[in-house]
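K.L.:
Before I ask anything, here is the structure I am working with.
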Amino acid sequence: MESITIAQLQKKSVGIFNDVIGLFNIYIQLIRPRISLSENFPIYQRLVLAKPTVVIKTDEKIQLINSFEIFYLLGELNSNNKLSKEKILWGQIIEADFCIRYAFYELIDIIVRYSKSLNIELIYKHINAFLTQEMKQQLFNKKSLSIATFCEELNIHEQTYYKRREKGLTDVNC
């Protein structure tokens with residue numbers, strides 16, 4: 001494992017691994033706007049910085065496999081921000097060792113943590129549309145992602161999924 005500050009990483013050519021871009025977009029569009037309003041969000045950011053980041057490194061580019069928030073911060077922070085001086089740990093894998101699990105279960109963890117403030121129905125629809133049959137097979141040993149399986153991943157009852165769908169979103173400070 002190597003260690004690098006966010007400011008140092010900003011000076012390198014960093015991107016999201018192609019097979020993960022759809023999950024990153026779900027994070028940016030459907031999840032982050034809601035969770036960033038939470039009073040617990042700074043704690044979440046600290047937790048993210050403490051977790052190892054997995055990368056595929058080529059001669060010209062570093063491609064992130066997980067750590068959606070770190071990639072977001074790379075584009076948003078200026079060098080004067082306190083978070084830009086934070087060190088992150090990262091480990092390298094080769095492309096052949098890539099597995100969608102790295103990114104998918106990080107996203108699921110975020111959804112579980114903030115599920116009461118997220119539109120899980122919309123997130124389900126986007127995840128289901130993004131995942132290919134091959135990815136679904138890797139993740140669930142099935143060719144499809146049912147609402148029941150999604151709820152199982154979130155550790156909620158299907159009934160809860162439908163109740164939240166009817167009521168709409170709740171407070172973000174959960």
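Here's how to read the names in the structure tokens: chain A, B, ... by the order shown, residue numbers from 1 in each chain, ligand numbers from 1 in the order shown.
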List every residue of chain A that DSSP, applied to the backbone, labels as alpha helix (DSSP H), and write the result as JSON, numbers by chain.
P.N.:
{"A": [6, 7, 8, 9, 10, 21, 22, 23, 24, 25, 26, 32, 33, 34, 35, 41, 42, 43, 44, 45, 46, 47, 48, 49, 50, 68, 69, 70, 71, 72, 73, 74, 75, 76, 101, 102, 103, 104, 105, 106, 107, 108, 109, 110, 111, 112, 113, 114, 120, 121, 122, 123, 124, 125, 126, 127, 128, 129, 130, 133, 134, 135, 136, 137, 138, 139, 140, 147, 148, 149, 150, 151, 152, 153, 154, 158, 159, 160, 161, 162, 163, 164, 165, 166, 167]}
K.L.:
As an MDAnalysis selection string, please: the residues near Lys12 (chain A) (cut-off 8 Å, only C-alpha atoms, same-chain neighbours under 4 positions excluded).
P.N.:
chainID A and resid 8 61:62
K.L.:
Counting only C-alpha atoms, what is within 7 Å of region 127-144 of chain A, bar same-chain residues fewer than 6 positions away, as a PyMOL selection string?
P.N.:
chain A and resi 22+100-101
K.L.:
Keeping only N, CA and C atoms, write the selected residues to a file as a PDB file, in the first residue's frame.
P.N.:
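Resulting contents of again37.pdb:
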ATOM      1  N   GLY A  22     -20.614   4.170 -14.524  1.00  0.00           N
ATOM      2  CA  GLY A  22     -22.051   4.228 -14.265  1.00  0.00           C
ATOM      3  C   GLY A  22     -22.377   4.292 -12.781  1.00  0.00           C
ATOM      4  N   ILE A 100     -16.234  -6.075 -10.308  1.00  0.00           N
ATOM      5  CA  ILE A 100     -17.221  -5.025 -10.050  1.00  0.00           C
ATOM      6  C   ILE A 100     -17.554  -4.918  -8.569  1.00  0.00           C
ATOM      7  N   ARG A 101     -17.277  -5.970  -7.805  1.00  0.00           N
ATOM      8  CA  ARG A 101     -17.577  -5.971  -6.363  1.00  0.00           C
ATOM      9  C   ARG A 101     -16.931  -4.806  -5.625  1.00  0.00           C
TER      10      ARG A 101
END
K.L.:
For Glu158 (chain A), work out the shell of residues within 12 Å, counting only C-alpha atoms and skipping chain neighbours fewer than 6 positions away, then give it as a list in words.
P.N.:
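Listed by chain and then number, they are Ile120, Glu121, Ser146, Ile147, Ala148, Thr149, Phe150, Cys151, Glu152, Arg164 and Arg165 of chain A.
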K.L.:
Print the selection's residues with C-alpha atoms to a file, as a short mmCIF file (atom, residue, chain, number, x, y, z; two decimals), in the first residue's frame.
P.N.:
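Result file follows (selection.cif):
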data_model
loop_
_atom_site.label_atom_id
_atom_site.label_comp_id
_atom_site.auth_asym_id
_atom_site.auth_seq_id
_atom_site.Cartn_x
_atom_site.Cartn_y
_atom_site.Cartn_z
CA ILE A 120 -33.87 3.97 -3.17
CA GLU A 121 -36.41 3.23 -5.88
CA SER A 146 -34.84 -8.08 -8.62
CA ILE A 147 -36.21 -5.63 -6.09
CA ALA A 148 -36.09 -8.48 -3.55
CA THR A 149 -32.37 -9.03 -4.18
CA PHE A 150 -31.68 -5.29 -4.01
CA CYS A 151 -33.53 -5.07 -0.70
CA GLU A 152 -31.57 -8.04 0.59
CA ARG A 164 -40.59 4.50 1.36
CA ARG A 165 -41.57 4.71 -2.26
#
K.L.:
Rounded to one decimal in Å, what is the spacing between CA of Ile70 (chain A) and CA of Ile6 (chain A)?
P.N.:
7.8 Å
K.L.:
Could you jot down the CA of Thr53 (chain A) to CA of Ser84 (chain A) separation for me, Å, one decimal place?
P.N.:
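Interatomic distance, CA of Thr53 (chain A) to CA of Ser84 (chain A): 15.6 Å.
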K.L.:
CA of Ile123 (chain A) and CA of Asn66 (chain A) are how many Å apart?
P.N.:
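Spanning CA of Ile123 (chain A) to CA of Asn66 (chain A) is a straight-line distance of 17.8 Å.
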K.L.:
Using only C-alpha atoms, can you tell me which of A:Leu122, A:Ile65, A:Met1, A:Ala7 comes closest to Glu106 (chain A)?
P.N.:
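Using only C-alpha atoms, Glu106 (chain A) sits closest to A:Ile65.
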K.L.:
Just the residues within 10 Å of Ile4 (chain A), please, counting only C-alpha atoms, with nothing from its chain fewer than 4 positions along; format it as a ChimeraX atom specification.
P.N.:
/A:8-9,85-90
K.L.:
Given the choices A:Phe17, A:Tyr124, A:Phe24, A:Phe71, which gets closest to Leu154 (chain A) if the distance is worked out from only C-alpha atoms?
P.N.:
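When distances to Leu154 (chain A) are compared using only C-alpha atoms, the smallest one comes from A:Tyr124.
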K.L.:
Name the residues of region 43-118 of chain A that come out as strand (DSSP E) in a backbone DSSP run; write them as a list in words.
P.N.:
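Residues meeting the strand (DSSP E) criterion: Thr53, Val54, Val55, Ile56, Lys57, Ile62, Gln63, Leu64, Lys87, Ile88, Leu89, Trp90, Gly91, Gln92 and Ile93 of chain A.
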K.L.:
Near Ile108 (chain A), counting only C-alpha atoms, which residues have an atom at most 9 Å away, once you skip same-chain residues fewer than 5 positions from it, shown as a JSON list (two decimals) with C-alpha atoms, in the first residue's frame?
P.N.:
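Saved to around00.json:
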[["chain", "number", "residue", "atom", "x", "y", "z"],
["A", 103, "ALA", "CA", -17.21, -0.49, -6.46],
["A", 113, "ARG", "CA", -25.76, 4.18, 5.72],
["A", 153, "GLU", "CA", -28.33, -6.24, -0.30],
["A", 154, "LEU", "CA", -29.57, -3.16, 1.62]]
